[in-house]
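Asks: Structure in structure tokens, see below.
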Amino acid sequence: MGILEGKRILVTGVLTDDSLAFAAARTALEEGAEIVLSGFGRGLSLTRRTARRLPGQPDVLEIDVTNLEQLAAAAAHLSDRWGRLDGLVHAIGFAPANCLGSGMFAADWDDVAVAIEVSAYSLKSLVGAFLPLLEVSGADGGASVVALDFDSTLAWPTYDWMGVAKSALESLARYLAYELGPKKIRVNLVAAGPVRTVAARSIPGFSTLNGAWSARAPLGWDVGDATPVAKACVALLSDWLPMTTGEMIHVDGGAHAVGA
């Protein structure tokens with residue numbers, strides 16, 4: 001019996017089978033969860049194809065996190081289908097090209113606003129849309145929200161405005177943990193080391209970061225293996241960490257704890 005047996009979980013951000021979200025979804029299924037994925041726009045068909053590579057071929061809902069109507073429709077669908085939501089995985093991030101690798105003065109506010117809305121504010125949008133379903137699970141032992149992060153307590157070369165957006169995500173997670181704690185809804189972050197995904201390959205200089213990370217991490221680090229990150233997500237979605245909220249769990253081989 002898996003540690004997510006009987007849990008009903010929404011996993012966002014699955015695009016291809018090399019994504020962190022895909023690894024989290026696969027591990028959740030292996031641990032007994034029932035899951036639904038989400039995708040949107042031109043990537044929706046790709047998410048549906050990728051879903052066929054998972055056990056049971058989970059359903060895919062269309063959710064554009066900037067579209068209140070789609071959020072409401074998805075919440076209504078899961079309300080009719082499940083009546084509750086035990087877990088939510090936020091694995092969504094996007095920044096226009098000039099927000100990455102060009103320094104802090106290349107992007108104007110309109111582009112920065114897109115990065116912050118999609119990469120940070122969307123956590124509030126998702127949790128808000130599904131809050132009634134999370135509250136049902138909270139009253140029945142607890143619910144868990146897990147967001148994927150790249151620790152932004154330091155400035156990273158070329159990460160630029162996405163780093164600022166991640167800082168906003170980290171702060172927002174703490175505030176949501178504070179507000180939702182009385183409802184027994186936990187909110188945590190998993191700060192992953194660099195993993196070779198489609199999203200990561202869009203970051204200028206990512207390959208340089210890979211080599212530096214592997215040399216720095218005491219436990220070593222494999223940029224081709226998303227399994228450790230997925231396992232951390234599943235642990236937080238389970239009932240095994242019932243008093244952990246507002247936390248950033250590093251899954252990075254220990255690199256965050258070691259100086260240059």
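For the structure tokens, the naming scheme is as follows: chains receive sequential letters (A, B, ...) according to their order of presentation, residues are indexed from 1 within each chain, and ligands are indexed from 1 in presentation order.
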Name all residues at most 12 Å from Val164 of chain A (count only C-alpha atoms; drop same-chain ones fewer than 6 positions away) and give them as a VMD selection string.
Replies: chain A and resid 95 99 to 100 104 112 to 113 115 to 117 119 to 120 149 to 156 158 170 to 171
Asks: For segment 223-228 of chain A, list every protein, DNA or RNA residue within 7 Å, evaluated using only C-alpha atoms, and leave out those in the same chain fewer than 4 positions away; present the list as a PyMOL selection string.
Replies: chain A and resi 20+23+194-196+210+232+251
Asks: As a ChimeraX atom specification, which residues of segment 7-227 of chain A does DSSP assign to strand (DSSP E or B)?
Replies: /A:8-11,34-39,60-62,87-90,143-149,185-192
Asks: Can you tell me, as JSON, numbers by chain, which residues in segment 4-183 of chain A count as helix (DSSP H, G or I) by DSSP?
Replies: {"A": [20, 21, 22, 23, 24, 25, 26, 27, 28, 29, 30, 41, 42, 43, 44, 45, 46, 47, 48, 49, 50, 51, 68, 69, 70, 71, 72, 73, 74, 75, 76, 77, 78, 79, 80, 81, 97, 98, 99, 109, 110, 111, 112, 113, 114, 115, 116, 117, 118, 119, 120, 121, 122, 123, 124, 125, 126, 127, 128, 129, 130, 131, 132, 133, 134, 135, 136, 137, 138, 139, 160, 161, 162, 163, 164, 165, 166, 167, 168, 169, 170, 171, 172, 173, 174, 175, 176, 177, 178, 179, 180, 181, 182, 183]}
Asks: Could you write those residues out with C-alpha atoms, as a JSON list (two decimals), in the first residue's frame?
Replies:
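Contents of the output file part-v6.json:
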[["chain", "number", "residue", "atom", "x", "y", "z"],
["A", 20, "LEU", "CA", 9.63, 17.54, -12.89],
["A", 21, "ALA", "CA", 5.84, 17.55, -12.85],
["A", 22, "PHE", "CA", 5.72, 14.34, -14.90],
["A", 23, "ALA", "CA", 8.10, 12.63, -12.45],
["A", 24, "ALA", "CA", 5.95, 13.81, -9.53],
["A", 25, "ALA", "CA", 2.78, 12.55, -11.24],
["A", 26, "ARG", "CA", 4.31, 9.15, -12.00],
["A", 27, "THR", "CA", 5.61, 8.71, -8.46],
["A", 28, "ALA", "CA", 2.26, 9.78, -7.00],
["A", 29, "LEU", "CA", 0.51, 7.15, -9.10],
["A", 30, "GLU", "CA", 3.02, 4.51, -8.00],
["A", 41, "GLY", "CA", -3.23, 26.57, -24.91],
["A", 42, "ARG", "CA", -0.94, 25.15, -27.57],
["A", 43, "GLY", "CA", 0.66, 22.85, -25.00],
["A", 44, "LEU", "CA", -2.61, 21.14, -24.11],
["A", 45, "SER", "CA", -2.35, 18.51, -26.86],
["A", 46, "LEU", "CA", 1.24, 17.79, -25.80],
["A", 47, "THR", "CA", 0.13, 17.30, -22.18],
["A", 48, "ARG", "CA", -2.56, 14.88, -23.36],
["A", 49, "ARG", "CA", -0.02, 12.87, -25.36],
["A", 50, "THR", "CA", 2.35, 12.81, -22.39],
["A", 51, "ALA", "CA", -0.45, 11.67, -20.09],
["A", 68, "LEU", "CA", -10.64, 32.87, -14.17],
["A", 69, "GLU", "CA", -13.31, 31.11, -16.23],
["A", 70, "GLN", "CA", -11.08, 28.10, -16.89],
["A", 71, "LEU", "CA", -10.07, 27.94, -13.22],
["A", 72, "ALA", "CA", -13.72, 27.99, -12.16],
["A", 73, "ALA", "CA", -14.69, 25.35, -14.74],
["A", 74, "ALA", "CA", -11.87, 23.03, -13.61],
["A", 75, "ALA", "CA", -12.86, 23.46, -9.96],
["A", 76, "ALA", "CA", -16.49, 22.67, -10.80],
["A", 77, "HIS", "CA", -15.40, 19.57, -12.72],
["A", 78, "LEU", "CA", -13.35, 18.21, -9.83],
["A", 79, "SER", "CA", -16.11, 19.10, -7.38],
["A", 80, "ASP", "CA", -18.53, 16.93, -9.35],
["A", 81, "ARG", "CA", -15.97, 14.19, -9.89],
["A", 97, "ALA", "CA", 12.65, 35.84, -23.40],
["A", 98, "ASN", "CA", 13.97, 39.28, -22.48],
["A", 99, "CYS", "CA", 13.42, 38.51, -18.79],
["A", 109, "TRP", "CA", 7.03, 46.08, -16.79],
["A", 110, "ASP", "CA", 4.59, 44.42, -19.17],
["A", 111, "ASP", "CA", 6.95, 41.45, -19.63],
["A", 112, "VAL", "CA", 7.96, 41.36, -15.96],
["A", 113, "ALA", "CA", 4.28, 41.36, -15.00],
["A", 114, "VAL", "CA", 3.72, 38.27, -17.14],
["A", 115, "ALA", "CA", 6.59, 36.47, -15.43],
["A", 116, "ILE", "CA", 5.32, 37.30, -11.95],
["A", 117, "GLU", "CA", 1.68, 36.54, -12.72],
["A", 118, "VAL", "CA", 2.34, 33.15, -14.32],
["A", 119, "SER", "CA", 5.23, 32.04, -12.09],
["A", 120, "ALA", "CA", 4.12, 33.37, -8.68],
["A", 121, "TYR", "CA", 0.62, 34.84, -8.51],
["A", 122, "SER", "CA", -0.70, 31.69, -10.19],
["A", 123, "LEU", "CA", -0.15, 29.80, -6.93],
["A", 124, "LYS", "CA", -2.73, 32.06, -5.28],
["A", 125, "SER", "CA", -5.03, 31.71, -8.31],
["A", 126, "LEU", "CA", -4.90, 27.90, -8.23],
["A", 127, "VAL", "CA", -5.28, 27.56, -4.49],
["A", 128, "GLY", "CA", -8.10, 30.10, -4.47],
["A", 129, "ALA", "CA", -10.02, 28.29, -7.22],
["A", 130, "PHE", "CA", -9.74, 24.90, -5.50],
["A", 131, "LEU", "CA", -9.94, 26.13, -1.91],
["A", 132, "PRO", "CA", -13.41, 24.70, -1.19],
["A", 133, "LEU", "CA", -12.21, 21.24, -2.26],
["A", 134, "LEU", "CA", -8.98, 21.57, -0.27],
["A", 135, "GLU", "CA", -11.00, 22.63, 2.78],
["A", 136, "VAL", "CA", -13.01, 19.40, 2.61],
["A", 137, "SER", "CA", -9.78, 17.40, 2.82],
["A", 138, "GLY", "CA", -8.39, 19.76, 5.43],
["A", 139, "ALA", "CA", -11.35, 19.04, 7.70],
["A", 160, "ASP", "CA", 17.24, 37.67, -13.86],
["A", 161, "TRP", "CA", 13.50, 38.40, -13.54],
["A", 162, "MET", "CA", 12.60, 34.74, -13.14],
["A", 163, "GLY", "CA", 14.66, 34.86, -9.96],
["A", 164, "VAL", "CA", 12.53, 37.78, -8.77],
["A", 165, "ALA", "CA", 9.38, 35.83, -9.65],
["A", 166, "LYS", "CA", 10.64, 32.82, -7.69],
["A", 167, "SER", "CA", 11.32, 35.08, -4.70],
["A", 168, "ALA", "CA", 7.71, 36.23, -4.93],
["A", 169, "LEU", "CA", 6.57, 32.60, -5.10],
["A", 170, "GLU", "CA", 8.57, 31.75, -1.97],
["A", 171, "SER", "CA", 7.12, 34.67, -0.02],
["A", 172, "LEU", "CA", 3.59, 33.91, -1.22],
["A", 173, "ALA", "CA", 3.90, 30.28, -0.11],
["A", 174, "ARG", "CA", 4.75, 31.43, 3.41],
["A", 175, "TYR", "CA", 1.78, 33.78, 3.55],
["A", 176, "LEU", "CA", -0.58, 31.10, 2.22],
["A", 177, "ALA", "CA", 0.79, 28.64, 4.78],
["A", 178, "TYR", "CA", 0.03, 31.18, 7.51],
["A", 179, "GLU", "CA", -3.49, 31.87, 6.27],
["A", 180, "LEU", "CA", -4.49, 28.30, 5.44],
["A", 181, "GLY", "CA", -2.91, 26.56, 8.42],
["A", 182, "PRO", "CA", -6.06, 26.85, 10.57],
["A", 183, "LYS", "CA", -7.91, 25.00, 7.80]]
Asks: Neighbouring residues of Pro218 of chain A were defined as those with any atom within 7 Å, considering only C-alpha atoms; residues of the same chain fewer than 5 positions away were excluded. Please report them as an mmCIF file with N, CA and C atoms, in the first residue's frame.
Replies:
data_model
loop_
_atom_site.group_PDB
_atom_site.id
_atom_site.type_symbol
_atom_site.label_atom_id
_atom_site.label_comp_id
_atom_site.auth_asym_id
_atom_site.auth_seq_id
_atom_site.Cartn_x
_atom_site.Cartn_y
_atom_site.Cartn_z
ATOM 1 N N GLY A 253 21.153 17.869 -3.731
ATOM 2 C CA GLY A 253 22.419 17.244 -3.405
ATOM 3 C C GLY A 253 23.192 17.937 -2.302
ATOM 4 N N GLY A 254 22.555 18.931 -1.663
ATOM 5 C CA GLY A 254 23.214 19.679 -0.604
ATOM 6 C C GLY A 254 23.967 20.895 -1.073
ATOM 7 N N ALA A 255 23.835 21.247 -2.359
ATOM 8 C CA ALA A 255 24.608 22.366 -2.905
ATOM 9 C C ALA A 255 24.280 23.684 -2.212
#
Asks: In Å, how far is it from atom CA of Ala191 of chain A to atom CA of Thr66 of chain A?
Replies: 23.8 Å
